[in-house]
Amino acid sequence: MNLSPEEIKTIKTYDDHYDAIYQQRNTDGYWKAEADELKKHLPSGKIIEFGCGGGRDVRMLLDLGYEYIGTDISKVAVEKCKAKFPNQEFISTDLYSLPFEDGSFDGFWTMVTLMHIYPRQKINLALAEIKRVLHPEAYGCLSIKNGEGETLHPDVLKQGGERPRMFTLWTEKQFADVLAKNGFEVLKSYGKTANSWSDWLVYFVKVR
């Protein structure tokens, strides 16, 4: 799958400004309530994270007893996570051609990663590939950015300068419909807002 120019710019931003981005926005425990909720649906098993980024959630998922594999399209992110967690497996891959066999995982975790897929219709390709590597009746938790439209945001960080990232926004119903279309049953969804920047939608899903 060829990446769009907007996706390539976003990846370059993460590669070039990894430390600045994750020092500013890598709050430990931010998704703890969501991880605990996932644990109710998936008490144990092999879980894959799409978009491991700064490695914020790795320890949390390991502490819940999951067998963990992390992925990220950013090679820098993968190398950083390998250094932080040398006993865990991390793989650099996009979401359109995952290097895993069908039905490899019991569950998945992907927080504020799918929002970078552009153009938006490619979400169907990504979700189909995610579903492929999950076994029937697997569970997952995901979050996306709430809103409408798409924007290549300049993303001015505290350190100064622009680091452009592509954001594809969805309303709660829009993305619920997309999930259903792609074979995911929405068990629960809600908004989670910390500030004007962190306006997320959260979904707990089960493979149908």
# chains A, B, ... in the order shown; residues from 1 in each chain; ligands from 1
call {"tool": "residues_around", "arguments": {"residues": "Leu114 (chain A)", "least_positions_apart": "6", "cutoff": "12 Å", "atoms": "only C-alpha atoms", "output": "ChimeraX atom specification"}}
result
/A:7,49-51,72-73,94-96,120-127,130,141-146,166-170,175,179,200-202
call {"tool": "residues_around", "arguments": {"residues": "Asp63 (chain A)", "least_positions_apart": "6", "cutoff": "12 Å", "atoms": "only C-alpha atoms", "output": "PyMOL selection string"}}
result
chain A and resi 32+35-36+39+43-44+57
call {"tool": "select_by_dssp", "arguments": {"residues": "chain A", "states": "strand (DSSP E or B)", "output": "PyMOL selection string"}}
result
chain A and resi 46-50+67-72+89-92+105-111+134-146+149-153+156+162+165-170+184-193+199-207
call {"tool": "atom_distance", "arguments": {"atom1": "CA of Tyr18 (chain A)", "atom2": "CA of Gly140 (chain A)"}}
result
26.2 Å
call {"tool": "residues_around", "arguments": {"residues": "His41 (chain A)", "least_positions_apart": "3", "cutoff": "8 Å", "atoms": "only C-alpha atoms", "output": "short mmCIF file (atom, residue, chain, number, x, y, z; two decimals) with all heavy atoms, in the first residue's frame"}}
result
data_model
loop_
_atom_site.label_atom_id
_atom_site.label_comp_id
_atom_site.auth_asym_id
_atom_site.auth_seq_id
_atom_site.Cartn_x
_atom_site.Cartn_y
_atom_site.Cartn_z
N GLU A 37 -10.89 -1.44 31.73
CA GLU A 37 -12.14 -1.87 31.10
C GLU A 37 -11.89 -2.99 30.10
O GLU A 37 -12.65 -3.96 30.04
CB GLU A 37 -12.81 -0.68 30.40
CG GLU A 37 -14.10 -1.00 29.67
CD GLU A 37 -15.27 -1.32 30.58
OE1 GLU A 37 -15.21 -0.96 31.78
OE2 GLU A 37 -16.25 -1.94 30.11
N LEU A 38 -10.82 -2.87 29.32
CA LEU A 38 -10.49 -3.93 28.37
C LEU A 38 -10.23 -5.24 29.10
O LEU A 38 -10.61 -6.32 28.62
CB LEU A 38 -9.25 -3.53 27.54
CG LEU A 38 -8.79 -4.57 26.51
CD1 LEU A 38 -9.86 -4.84 25.47
CD2 LEU A 38 -7.49 -4.10 25.84
N TYR A 139 -11.13 -8.99 21.27
CA TYR A 139 -11.58 -7.70 21.80
C TYR A 139 -10.51 -6.64 21.56
O TYR A 139 -9.32 -6.95 21.41
CB TYR A 139 -11.84 -7.80 23.31
CG TYR A 139 -13.05 -8.62 23.67
CD1 TYR A 139 -12.92 -9.99 23.93
CD2 TYR A 139 -14.31 -8.05 23.74
CE1 TYR A 139 -14.02 -10.75 24.26
CE2 TYR A 139 -15.42 -8.80 24.08
CZ TYR A 139 -15.27 -10.16 24.34
OH TYR A 139 -16.37 -10.92 24.67
#
call {"tool": "residues_around", "arguments": {"residues": "region 133-136 of chain A", "least_positions_apart": "5", "cutoff": "8 Å", "atoms": "only C-alpha atoms", "output": "ChimeraX atom specification"}}
result
/A:98,100-108,207-208
call {"tool": "closest_residue", "arguments": {"among": "A:Ser97, A:Arg163, A:Met111, A:Ile48", "to": "Thr13 (chain A)", "atoms": "only C-alpha atoms"}}
result
A:Arg163
call {"tool": "select_by_dssp", "arguments": {"residues": "chain A", "states": "alpha helix (DSSP H)", "output": "PyMOL selection string"}}
result
chain A and resi 5-16+18-25+32-41+58-63+75-84+123-132+172-181
call {"tool": "residues_around", "arguments": {"residues": "Tyr14 (chain A)", "least_positions_apart": "5", "cutoff": "12 Å", "atoms": "only C-alpha atoms", "output": "list in words"}}
result
Glu7, Ile8, Lys9, Asp19, Ala20, Ile21, Tyr22, Gly51, Cys52, Gly53, Gly54, Asp72, Ile73, Ser74, Lys75, Val76, Ala77, Val78, Lys80, Thr113, His116, Asp155, Arg163, Pro164, Arg165 and Met166 of chain A
call {"tool": "write_last_selection", "arguments": {"atoms": "N, CA, C and O atoms", "output": "mmCIF file, in the first residue's frame"}}
result
data_model
loop_
_atom_site.group_PDB
_atom_site.id
_atom_site.type_symbol
_atom_site.label_atom_id
_atom_site.label_comp_id
_atom_site.auth_asym_id
_atom_site.auth_seq_id
_atom_site.Cartn_x
_atom_site.Cartn_y
_atom_site.Cartn_z
ATOM 1 N N GLU A 7 0.388 11.304 4.971
ATOM 2 C CA GLU A 7 0.848 10.284 5.919
ATOM 3 C C GLU A 7 2.369 10.295 6.026
ATOM 4 O O GLU A 7 2.928 10.164 7.119
ATOM 5 N N ILE A 8 3.041 10.466 4.901
ATOM 6 C CA ILE A 8 4.504 10.498 4.897
ATOM 7 C C ILE A 8 5.017 11.690 5.703
ATOM 8 O O ILE A 8 5.978 11.579 6.480
ATOM 9 N N LYS A 9 4.364 12.849 5.562
ATOM 10 C CA LYS A 9 4.755 14.027 6.346
ATOM 11 C C LYS A 9 4.577 13.774 7.836
ATOM 12 O O LYS A 9 5.401 14.183 8.663
ATOM 13 N N ASP A 19 11.427 12.979 20.514
ATOM 14 C CA ASP A 19 11.579 13.362 21.918
ATOM 15 C C ASP A 19 10.679 14.541 22.282
ATOM 16 O O ASP A 19 10.024 14.534 23.331
ATOM 17 N N ALA A 20 10.616 15.556 21.431
ATOM 18 C CA ALA A 20 9.797 16.727 21.717
ATOM 19 C C ALA A 20 8.324 16.363 21.812
ATOM 20 O O ALA A 20 7.606 16.803 22.719
ATOM 21 N N ILE A 21 7.850 15.530 20.900
ATOM 22 C CA ILE A 21 6.434 15.160 20.882
ATOM 23 C C ILE A 21 6.074 14.346 22.113
ATOM 24 O O ILE A 21 5.094 14.636 22.810
ATOM 25 N N TYR A 22 6.877 13.326 22.428
ATOM 26 C CA TYR A 22 6.485 12.419 23.501
ATOM 27 C C TYR A 22 6.818 12.946 24.893
ATOM 28 O O TYR A 22 6.193 12.551 25.871
ATOM 29 N N GLY A 51 0.696 1.464 17.003
ATOM 30 C CA GLY A 51 1.086 2.814 17.360
ATOM 31 C C GLY A 51 1.637 2.886 18.776
ATOM 32 O O GLY A 51 1.112 3.601 19.626
ATOM 33 N N CYS A 52 2.723 2.154 19.032
ATOM 34 C CA CYS A 52 3.293 2.131 20.395
ATOM 35 C C CYS A 52 3.953 3.454 20.761
ATOM 36 O O CYS A 52 4.126 3.753 21.943
ATOM 37 N N GLY A 53 4.325 4.268 19.751
ATOM 38 C CA GLY A 53 4.789 5.629 19.996
ATOM 39 C C GLY A 53 5.910 5.716 21.005
ATOM 40 O O GLY A 53 6.979 5.126 20.856
ATOM 41 N N GLY A 54 5.650 6.464 22.084
ATOM 42 C CA GLY A 54 6.664 6.654 23.118
ATOM 43 C C GLY A 54 6.739 5.536 24.128
ATOM 44 O O GLY A 54 7.481 5.626 25.114
ATOM 45 N N ASP A 72 4.674 0.143 15.262
ATOM 46 C CA ASP A 72 4.562 1.553 14.921
ATOM 47 C C ASP A 72 5.156 1.747 13.533
ATOM 48 O O ASP A 72 6.116 1.051 13.166
ATOM 49 N N ILE A 73 4.581 2.665 12.784
ATOM 50 C CA ILE A 73 5.117 2.934 11.446
ATOM 51 C C ILE A 73 6.420 3.725 11.522
ATOM 52 O O ILE A 73 7.236 3.689 10.607
ATOM 53 N N SER A 74 6.632 4.413 12.637
ATOM 54 C CA SER A 74 7.869 5.171 12.843
ATOM 55 C C SER A 74 8.990 4.239 13.295
ATOM 56 O O SER A 74 8.910 3.620 14.356
ATOM 57 N N LYS A 75 10.037 4.153 12.492
ATOM 58 C CA LYS A 75 11.179 3.308 12.858
ATOM 59 C C LYS A 75 11.872 3.850 14.109
ATOM 60 O O LYS A 75 12.406 3.077 14.922
ATOM 61 N N VAL A 76 11.863 5.168 14.266
ATOM 62 C CA VAL A 76 12.463 5.763 15.457
ATOM 63 C C VAL A 76 11.709 5.322 16.700
ATOM 64 O O VAL A 76 12.300 4.944 17.719
ATOM 65 N N ALA A 77 10.370 5.364 16.637
ATOM 66 C CA ALA A 77 9.561 4.940 17.779
ATOM 67 C C ALA A 77 9.846 3.493 18.149
ATOM 68 O O ALA A 77 9.968 3.153 19.335
ATOM 69 N N VAL A 78 9.951 2.638 17.159
ATOM 70 C CA VAL A 78 10.211 1.227 17.419
ATOM 71 C C VAL A 78 11.570 1.038 18.084
ATOM 72 O O VAL A 78 11.699 0.289 19.065
ATOM 73 N N LYS A 80 13.250 3.222 19.866
ATOM 74 C CA LYS A 80 13.186 3.789 21.221
ATOM 75 C C LYS A 80 12.479 2.829 22.173
ATOM 76 O O LYS A 80 12.900 2.638 23.326
ATOM 77 N N THR A 113 -4.066 6.697 17.080
ATOM 78 C CA THR A 113 -3.222 6.321 15.944
ATOM 79 C C THR A 113 -4.011 6.324 14.639
ATOM 80 O O THR A 113 -3.548 6.858 13.623
ATOM 81 N N HIS A 116 -4.504 9.294 12.082
ATOM 82 C CA HIS A 116 -3.510 9.749 11.106
ATOM 83 C C HIS A 116 -3.714 9.126 9.725
ATOM 84 O O HIS A 116 -2.954 9.443 8.805
ATOM 85 N N ASP A 155 0.858 21.865 14.288
ATOM 86 C CA ASP A 155 1.314 21.245 15.536
ATOM 87 C C ASP A 155 2.529 21.970 16.120
ATOM 88 O O ASP A 155 3.637 21.432 16.180
ATOM 89 N N ARG A 163 5.638 21.199 13.371
ATOM 90 C CA ARG A 163 5.825 19.780 13.071
ATOM 91 C C ARG A 163 4.515 19.268 12.494
ATOM 92 O O ARG A 163 3.641 18.805 13.234
ATOM 93 N N PRO A 164 4.309 19.363 11.179
ATOM 94 C CA PRO A 164 2.999 19.053 10.593
ATOM 95 C C PRO A 164 2.607 17.593 10.767
ATOM 96 O O PRO A 164 3.405 16.682 10.557
ATOM 97 N N ARG A 165 1.347 17.392 11.188
ATOM 98 C CA ARG A 165 0.781 16.051 11.296
ATOM 99 C C ARG A 165 -0.620 16.072 10.719
ATOM 100 O O ARG A 165 -1.376 17.010 10.921
ATOM 101 N N MET A 166 -0.980 15.011 10.019
ATOM 102 C CA MET A 166 -2.293 14.893 9.406
ATOM 103 C C MET A 166 -3.282 14.317 10.410
ATOM 104 O O MET A 166 -2.994 13.310 11.070
#
